[in-house]
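Listing of start_17.cif; format and content: mmCIF, C-alpha atoms.
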```cif
data_upload
loop_
_atom_site.label_atom_id
_atom_site.label_comp_id
_atom_site.auth_asym_id
_atom_site.auth_seq_id
_atom_site.Cartn_x
_atom_site.Cartn_y
_atom_site.Cartn_z
CA MET A 1 -51.52 30.45 95.41
CA SER A 2 -52.35 32.55 98.46
CA ILE A 3 -54.63 31.49 101.29
CA VAL A 4 -57.24 33.95 100.00
CA ASP A 5 -57.17 32.28 96.57
CA LYS A 6 -57.59 28.86 98.19
CA MET A 7 -60.54 30.11 100.24
CA LYS A 8 -62.15 31.63 97.14
CA GLY A 9 -61.73 28.32 95.31
CA ALA A 10 -63.39 26.46 98.17
CA MET A 11 -66.29 28.93 98.26
CA ASP A 12 -66.72 28.72 94.49
CA SER A 13 -67.09 24.94 94.66
CA VAL A 14 -69.81 25.32 97.29
CA THR A 15 -71.72 28.16 95.60
CA GLY A 16 -71.21 27.32 91.92
CA GLY A 17 -69.45 30.66 91.46
CA ALA A 18 -66.31 29.25 89.83
CA ALA A 19 -67.61 30.26 86.39
CA GLU A 20 -70.23 32.48 84.82
CA VAL A 21 -72.39 30.59 82.34
CA THR A 22 -74.65 31.97 79.61
CA LEU A 23 -76.86 30.06 77.19
CA GLU A 24 -78.17 30.92 73.75
CA HIS A 25 -80.49 28.63 71.79
CA THR A 26 -82.32 28.62 68.47
CA GLY A 27 -84.86 26.30 66.96
CA THR A 28 -88.43 25.16 67.45
CA PHE A 29 -89.21 23.57 70.80
CA ALA A 30 -91.29 20.57 69.81
CA ALA A 31 -90.80 16.81 70.04
CA GLY A 32 -88.31 15.57 67.44
CA GLN A 33 -87.03 19.05 66.55
CA VAL A 34 -83.37 20.07 66.81
CA ILE A 35 -82.38 22.93 69.10
CA LYS A 36 -78.97 24.52 68.50
CA VAL A 37 -77.27 25.62 71.70
CA LYS A 38 -74.27 27.75 72.60
CA ILE A 39 -72.89 27.90 76.13
CA VAL A 40 -70.31 30.52 77.02
CA ALA A 41 -68.35 29.78 80.20
CA MET A 42 -66.01 32.28 81.83
CA SER A 43 -63.81 31.55 84.84
CA THR A 44 -64.32 34.00 87.69
CA GLY A 45 -60.78 33.67 89.01
CA ASN A 46 -59.17 30.23 89.29
CA ASP A 47 -58.76 27.29 86.93
CA VAL A 48 -61.98 25.26 86.77
CA ASP A 49 -61.83 21.53 86.07
CA ILE A 50 -64.98 20.82 84.11
CA LYS A 51 -66.04 17.17 83.91
CA ALA A 52 -68.69 17.70 81.19
CA VAL A 53 -71.09 20.27 79.72
CA TYR A 54 -74.85 19.67 79.81
CA ILE A 55 -78.12 21.08 78.61
CA ASP A 56 -80.97 20.46 81.04
CA LEU A 57 -84.67 20.62 80.21
CA ARG A 58 -87.19 20.88 83.04
CA GLY A 59 -90.96 20.65 82.76
CA ARG A 60 -92.97 22.04 85.63
CA GLY A 61 -96.65 22.17 86.43
CA LYS A 62 -98.54 25.29 85.49
CA GLY A 63 -99.69 26.02 89.06
CA VAL A 64 -98.51 29.26 90.63
CA ILE A 65 -98.51 28.21 94.29
CA GLY A 66 -94.98 26.76 94.16
CA GLN A 67 -93.74 29.76 92.21
CA LEU A 68 -95.21 32.18 94.76
CA ALA A 69 -93.65 30.19 97.59
CA GLY A 70 -90.27 30.33 95.84
CA SER A 71 -89.98 26.63 95.08
CA VAL A 72 -90.33 24.94 91.71
CA LYS A 73 -90.75 21.18 91.54
CA ALA A 74 -89.91 19.59 88.22
CA SER A 75 -92.53 17.18 86.92
CA ALA A 76 -90.21 16.00 84.13
CA SER A 77 -86.56 16.52 83.27
CA HIS A 78 -84.07 15.60 80.56
CA GLU A 79 -80.26 15.93 80.53
CA PHE A 80 -78.11 16.13 77.38
CA LYS A 81 -74.31 15.93 77.45
CA ILE A 82 -72.92 18.20 74.73
CA ALA A 83 -69.19 18.21 75.56
CA ASP A 84 -66.57 16.22 77.44
CA GLY A 85 -64.43 17.62 80.23
CA PHE A 86 -61.70 20.23 79.96
CA THR A 87 -59.93 22.82 82.10
CA LEU A 88 -61.20 26.38 81.92
CA HIS A 89 -58.16 28.46 82.83
CA ALA A 90 -58.25 31.43 85.20
CA HIS A 91 -60.05 34.45 83.74
CA ASP A 92 -60.52 32.68 80.36
CA ALA A 93 -63.76 32.16 78.47
CA THR A 94 -64.79 29.50 76.01
CA ALA A 95 -67.84 28.80 73.87
CA ILE A 96 -69.29 25.32 73.50
CA GLU A 97 -71.77 24.73 70.70
CA GLY A 98 -73.95 21.71 70.13
CA GLU A 99 -77.39 20.40 69.28
CA ILE A 100 -80.07 18.54 71.17
CA THR A 101 -83.12 16.77 69.80
CA VAL A 102 -86.22 17.54 71.82
CA PRO A 103 -87.59 14.28 73.24
CA ASP A 104 -91.28 13.45 73.60
CA ILE A 105 -92.51 16.09 76.02
CA GLN A 106 -95.63 16.58 78.06
CA VAL A 107 -97.29 19.55 76.39
CA ASP A 108 -99.27 20.39 79.54
CA LEU A 109 -96.07 21.44 81.33
CA ASP A 110 -94.16 24.72 81.20
CA TRP A 111 -90.64 23.92 79.93
CA GLU A 112 -87.34 25.57 80.83
CA ILE A 113 -83.77 25.15 79.58
CA ARG A 114 -80.36 25.80 81.12
CA GLY A 115 -76.67 25.23 80.37
CA ARG A 116 -74.60 23.58 83.11
CA LEU A 117 -70.94 22.80 83.75
CA GLU A 118 -70.36 19.64 85.78
CA THR A 119 -67.64 20.37 88.35
CA VAL A 120 -66.68 19.36 91.88
CA GLY A 121 -69.24 20.83 94.26
CA ASN A 122 -72.15 22.95 93.03
CA ASP A 123 -72.31 23.05 89.22
CA PRO A 124 -72.14 26.54 87.66
CA ASP A 125 -75.13 27.07 85.37
CA SER A 126 -76.98 29.65 83.34
CA GLY A 127 -80.16 29.39 85.39
CA PHE A 128 -83.38 28.03 83.94
CA LYS A 129 -85.10 30.13 81.26
CA ASP A 130 -88.50 29.55 79.67
CA ILE A 131 -88.47 27.79 76.31
CA ARG A 132 -91.41 27.51 73.93
#
```

What does the file become when written as structure tokens?
Amino acid sequence: MSIVDKMKGAMDSVTGGAAEVTLEHTGTFAAGQVIKVKIVAMSTGNDVDIKAVYIDLRGRGKGVIGQLAGSVKASASHEFKIADGFTLHAHDATAIEGEITVPDIQVDLDWEIRGRLETVGNDPDSGFKDIR
């Protein structure tokens, strides 16, 4: 491994850029309902040691002030582990499928979902997307 590869690996752990993550989901978003999820993770260069794979739900207030200021504060959050750890090899991709059951949720919040890979440093994720 060259010094450039080592530096890229260090930067990826700081920025979360070690893998690209996408999330697909189907189902009705309501308390007690099952949501089927599929996370696709692709290494951006080096092997990535993944500790676990998660689905995160975040409920946020409906005010726009925080959104206009560029900061979103979660009023509620839930984390679901859908897979144990594994190594994602350099330039490989893998799909992880699972299900989550929507917990009791505050209906007065706007809810978002994301897929996340737990790694050393900043976790690569799909980014939060609205879910209804």

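Counting all atoms listed in the file and comparing A:Asp130, A:Glu97, A:Asp47, A:Asp84, the residue that lies closest to A:Arg114 is A:Asp130.
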
Would you list the residues near (-71.3, 16.6, 75.5), meaning any protein, DNA or RNA residue with an atom at most 9 Å from that point in file coordinates, counting all atoms listed in the file, as a PDB file with C-alpha atoms, in the frame of the given file?
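The resulting point15.pdb:
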```pdb
ATOM      1  CA  ALA A  52     -68.690  17.700  81.190  1.00  0.00           C
ATOM      2  CA  VAL A  53     -71.090  20.270  79.720  1.00  0.00           C
ATOM      3  CA  TYR A  54     -74.850  19.670  79.810  1.00  0.00           C
ATOM      4  CA  ILE A  55     -78.120  21.080  78.610  1.00  0.00           C
ATOM      5  CA  PHE A  80     -78.110  16.130  77.380  1.00  0.00           C
ATOM      6  CA  LYS A  81     -74.310  15.930  77.450  1.00  0.00           C
ATOM      7  CA  ILE A  82     -72.920  18.200  74.730  1.00  0.00           C
ATOM      8  CA  ALA A  83     -69.190  18.210  75.560  1.00  0.00           C
ATOM      9  CA  ASP A  84     -66.570  16.220  77.440  1.00  0.00           C
ATOM     10  CA  GLY A  85     -64.430  17.620  80.230  1.00  0.00           C
ATOM     11  CA  GLY A  98     -73.950  21.710  70.130  1.00  0.00           C
TER      12      GLY A  98
END
```

Would you compute the box with edges along x, y and z of the file around stretch 44-47 of chain A, including every atom the file lists for it and 6 Å extra on each side, and give its centre and edge lengths in Å to one decimal, as JSON?
```
{"center_x": -61.5, "center_y": 30.6, "center_z": 88.1, "size_x": 17.6, "size_y": 18.7, "size_z": 14.4}
```

Checklist entry - To one decimal place, how far is atom CA of A:Trp111 from atom CA of A:Ala19 in Å? => result 24.7 Å

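Note that atom CA of A:Glu24 and atom CA of A:His91 are 21.0 Å apart.
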
Checklist entry - For the atom pair atom CA of A:Val37 and atom CA of A:Arg132, what is the interatomic distance in Å to one decimal place? => result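 We find that atom CA of A:Val37 and atom CA of A:Arg132 lie 14.4 Å from each other.
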